[in-house]
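Everything below concerns the one structure shown next.
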There are 2 protein chains.
Amino acid sequence: MPQTSSLGEVTSHDVQVFSPEDPLTLQRGGSLDEVHVRYETYGNLNAARDNAIFIAHALTGDAHSAGFHPGARKPGWWDTMIGPGKPVDTNRFFVITPNILGGCQGTTGPASVNPVTGQSYGLDFPVLDMGDFVTVHRRLMSHLGITKLLATMGGSLGGMQVLQWALSYPQDMTSAVIIAASSRLTAQNIAFSAVAREAIMRDKGFADGHYVEQGTTASTGMSIARMMAHITYLSEDAFAEKFGREPQSSGLSHGFGADFAVESYLRHQAETFLDRFDALSYIYLSRVMDYFDPFADPDSCTLIGQHPMHVLLASFSSDWRFSPAHSQRILGHLVRAGVPTTYKEVASDMGHDSFLMAIPDYLDTVAAFLERRAS
Amino acid sequence: MPQTSSLGEVTSHDVQVFSPEDPLTLQRGGSLDEVHVRYETYGNLNAARDNAIFIAHALTGDAHSAGFHPGARKPGWWDTMIGPGKPVDTNRFFVITPNILGGCQGTTGPASVNPVTGQSYGLDFPVLDMGDFVTVHRRLMSHLGITKLLATMGGSLGGMQVLQWALSYPQDMTSAVIIAASSRLTAQNIAFSAVAREAIMRDKGFADGHYVEQGTTASTGMSIARMMAHITYLSEDAFAEKFGREPQSSGLSHGFGADFAVESYLRHQAETFLDRFDALSYIYLSRVMDYFDPFADPDSCTLIGQHPMHVLLASFSSDWRFSPAHSQRILGHLVRAGVPTTYKEVASDMGHDSFLMAIPDYLDTVAAFLERRAS
């Protein structure tokens, strides 16, 4: 297993990548006149400009994937994966992580101010497509002067962005790492997303998407959405191991408060989520996942089948949000197209969130794959 | 498989079973001065009074378990199981189904009027225990002049009531049929219940439980709770088979409406639920399930181990709300106590709701068990 020394202090950058003279044309029609992107980079781009690894984040992630913001006590969300001596070794690789289009952590999204109206977009923000994320990612790549990435990498929605990118523009990358992702949500997956959006949009504080101007918040809906989503991020075994039926403190009170430890945990998760995430971003980004179905296009693998690139697919045995069957479906399509693809099912009882955890077999697999690509 | 002729038209009855002179003393302390029970009966009690089968309903069930209310087009909730020539054969057995204490379909519950205040109980209603349901069931039995039941039967929460009853008063019954039930919810089970209650109680229309007086409804919270619960009642395969990724009507509109068929289905489920169920009942009844843990008492099986009775346990292979492991845990305890117990895992891909469905192997198993008990 790689060493785990820390990246230390890191900061974010902001750049405008689309403007009224050069708007972002969207996959489903329409355009955005202004797109700002927040991103972080770690390590150094080498002279050959061929050591860059692009990290795409999951639904509620952000540009801060590793290291510590000044004064912070918690590192970035993928600090297990990225840093000196870690699988994405910042001593060797130049790492780029942007906040996603439609997000709420510095990149333009539905809660941003629409320059035309001077008010937040709200539900006037266009419905996005996985391909729109790729368009913005490519523009950032261009801004950084990189024409070919050593790897694109991501877990969950991050992996879905990487898959779309690899299918549409395989010439942009030497390899792609797609972790705990899906090429097509099941009806049950869509159902969970639908209930989350319903909770948010029916919260009176959502104010039809105008909560910024109204000074309200959809805090109840967001809490419910987050608590429910969190159940799907862990396996039943993980819940049993972490909490069992333990009371929160001194015995069960037999009432409607957070009496069991698991209830207290979910409420805490919901509260911290409210401080860092936006209701409109939640509904816009989750909806992109529902519609994503790249292999519905019979020609989806034509380009990737023609380019020399390698793919690493990884899934986790206890993941019931995007079970190993989801990764195996991607594998089937890529193998039929002749793409050299390594598939690893990692044994883990921690469910979907395993992709964020320090599981030696998983980290070693990623490290070995990147080592091979770099040498 | 048994025949499936219809029971025809049925009606409900109401009876007061506890009064200020003879209040209901609750398991966790406190009492209720008035308890009314709504119930239905089908078939005829024989002269020996030994052909009665008692049906306990699940979380959102009611007293109407079979046949048709005058003018209704849908039969009772367990019409697949109960009727002439069906497993619970109304030509042979006298069938009793009450609405549960704490419910909202005719039996006293938290939305009922508190005779002391003249207003609905709201959150002043006492937190209930599984044993309280049993106390009220026994009183109804007494009212009907029955001292021993041929069988007690129920699915899900209904099966949990039957388990508690069989452990506490095995002398009341010749047999018990416990279907898709649990003797102890897992942390994941509790988590789903907790999110549902959170959605209801944080809905402003819930008005701290005083929505009856305030003239409001917790319709948003109840809709969210029902939609989420419904996801757990079906298996992932059942969702895939019923809906897949089909659009609701003519293609996907790419917006935030009910675009996929599964979204439309869940919204419809939520709407019809609002017409028939009460928010306070939902939180009170679901909470009883969270706390239920009868085998935590080391003496729990002493009585049942001493009485001559038979138990049928059934689970469904794709049930992930109360998986076969839940039934197997009950089996383990009963077998260790020497209780003659038949365990059947029914192959079904329809998830927890299988217990309501016409699955031949399942219905035949119940029919054979009851036939044996009756002869």
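In the structure tokens, chains take letters A, B, ... by order of appearance, with residues numbered from 1 within each chain and ligands from 1 in the order shown.
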
What residues in chain B lie within 7 Å of chain A, counting only C-alpha atoms, written as a list in words?
->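 Here they are: Val127, Thr186, Ala187, Gln188, Ala191, Ala194, Val195, Ala199, Arg202, Thr220, Ile224, Met227, Met228, Ile231, Glu236, Phe239, Ala240, Phe243, Gly244, Arg245, His254, Gly255, Val262 and Glu263 of chain B.
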
Write out as an MDAnalysis selection string which residues come within 8 Å of range 7-10 of chain A when counting only C-alpha atoms, dropping same-chain ones fewer than 4 positions away.
-> chainID A and resid 40 42 66:70 83:84 90

Identify, on the basis of only C-alpha atoms, every residue whose closest approach to Ser323 in chain A does not exceed 9 Å; exclude the query and any residue fewer than 6 positions from it along the same chain; express the result as a PyMOL selection string.
-> chain A and resi 180-182+315-317+351-352

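In this model, the gap between CA of Thr342 in chain B and CA of Phe369 in chain B comes to 8.7 Å.
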
Excluding Arg329 in chain B and any residue of its chain fewer than 3 positions from it, enumerate the residues within 9 Å of it, using only C-alpha atoms, and give them as a ChimeraX atom specification.
-> /B:182-184,324-326,332-334

Could you pull the residues within 6 Å of Ala63 in chain A, counting only C-alpha atoms, minus those fewer than 3 positions along the same chain, as a ChimeraX atom specification?
-> /A:39-40,97-99

Sort by chain and increasing residue number a table of all residues of range 22-116 of chain A within 8 Å of range 364-368 of chain A, each with its closest pair of atoms and their distance in Å to one decimal, counting only C-alpha atoms, and write it as CSV.
```
residue,atom,partner,partner_atom,distance
A:Lys86,CA,A:Ala367,CA,7.5
A:Pro87,CA,A:Ala367,CA,4.1
A:Val88,CA,A:Ala367,CA,6.9
```

Each residue of range 117-217 of chain B with at least one atom at most 10 Å from range 273-279 of chain B should appear once, together with its nearest atom pair and the corresponding distance in Å (one decimal); atoms considered: only C-alpha atoms; ordering: chain, then increasing residue number; output as JSON lines.
```
{"residue": "B:Gly122", "atom": "CA", "partner": "B:Ala279", "partner_atom": "CA", "distance": 9.9}
{"residue": "B:Arg197", "atom": "CA", "partner": "B:Ala279", "partner_atom": "CA", "distance": 8.8}
{"residue": "B:Ile200", "atom": "CA", "partner": "B:Ala279", "partner_atom": "CA", "distance": 6.7}
{"residue": "B:Met201", "atom": "CA", "partner": "B:Ala279", "partner_atom": "CA", "distance": 8.4}
{"residue": "B:Phe206", "atom": "CA", "partner": "B:Ala279", "partner_atom": "CA", "distance": 7.7}
{"residue": "B:Gly209", "atom": "CA", "partner": "B:Ala279", "partner_atom": "CA", "distance": 8.4}
{"residue": "B:Tyr211", "atom": "CA", "partner": "B:Ala279", "partner_atom": "CA", "distance": 9.3}
{"residue": "B:Thr217", "atom": "CA", "partner": "B:Ala279", "partner_atom": "CA", "distance": 8.2}
```

Using DSSP on the backbone, list every residue of range 244-358 of chain B that comes out as alpha helix (DSSP H), and give them as a PyMOL selection string.
-> chain B and resi 261-276+279-291+324-336

Residues of range 118-237 of chain A in strand (DSSP E or B) according to DSSP, as a short mmCIF file (atom, residue, chain, number, x, y, z; two decimals) with N, CA and C atoms, in the first residue's frame?
```cif
data_model
loop_
_atom_site.label_atom_id
_atom_site.label_comp_id
_atom_site.auth_asym_id
_atom_site.auth_seq_id
_atom_site.Cartn_x
_atom_site.Cartn_y
_atom_site.Cartn_z
N SER A 120 -30.68 35.21 -9.38
CA SER A 120 -30.22 33.83 -9.56
C SER A 120 -31.05 33.15 -10.65
N LEU A 149 -4.42 14.12 -21.38
CA LEU A 149 -4.34 13.76 -19.96
C LEU A 149 -3.77 12.36 -19.82
N ALA A 151 -4.60 10.57 -17.28
CA ALA A 151 -5.80 9.85 -16.86
C ALA A 151 -6.92 10.82 -16.51
N THR A 152 -8.14 10.37 -16.76
CA THR A 152 -9.32 10.99 -16.17
C THR A 152 -9.83 9.99 -15.13
N MET A 153 -10.31 10.52 -14.01
CA MET A 153 -10.68 9.63 -12.90
C MET A 153 -11.89 10.17 -12.16
N GLY A 154 -12.75 9.26 -11.72
CA GLY A 154 -13.84 9.71 -10.87
C GLY A 154 -14.64 8.55 -10.32
N GLY A 155 -15.34 8.78 -9.21
CA GLY A 155 -16.22 7.79 -8.60
C GLY A 155 -17.66 8.26 -8.67
N MET A 173 -7.20 11.51 -23.69
CA MET A 173 -6.64 10.81 -22.52
C MET A 173 -5.91 9.53 -22.90
N SER A 175 -5.73 7.22 -20.44
CA SER A 175 -6.48 6.22 -19.68
C SER A 175 -7.64 6.85 -18.92
N ALA A 176 -8.56 5.99 -18.50
CA ALA A 176 -9.73 6.44 -17.75
C ALA A 176 -9.95 5.50 -16.57
N VAL A 177 -10.24 6.07 -15.41
CA VAL A 177 -10.49 5.27 -14.20
C VAL A 177 -11.92 5.57 -13.74
N ILE A 178 -12.77 4.55 -13.82
CA ILE A 178 -14.21 4.72 -13.60
C ILE A 178 -14.60 3.85 -12.40
N ILE A 179 -14.97 4.49 -11.30
CA ILE A 179 -15.14 3.77 -10.03
C ILE A 179 -16.59 3.88 -9.53
#
```

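Of note, CA of Ile146 in chain A and CA of Met309 in chain A are spaced 17.1 Å apart.
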
Can you tell me how far CA of Gly338 in chain B sits from CA of Phe322 in chain B, in Å to one decimal?
-> 24.0 Å
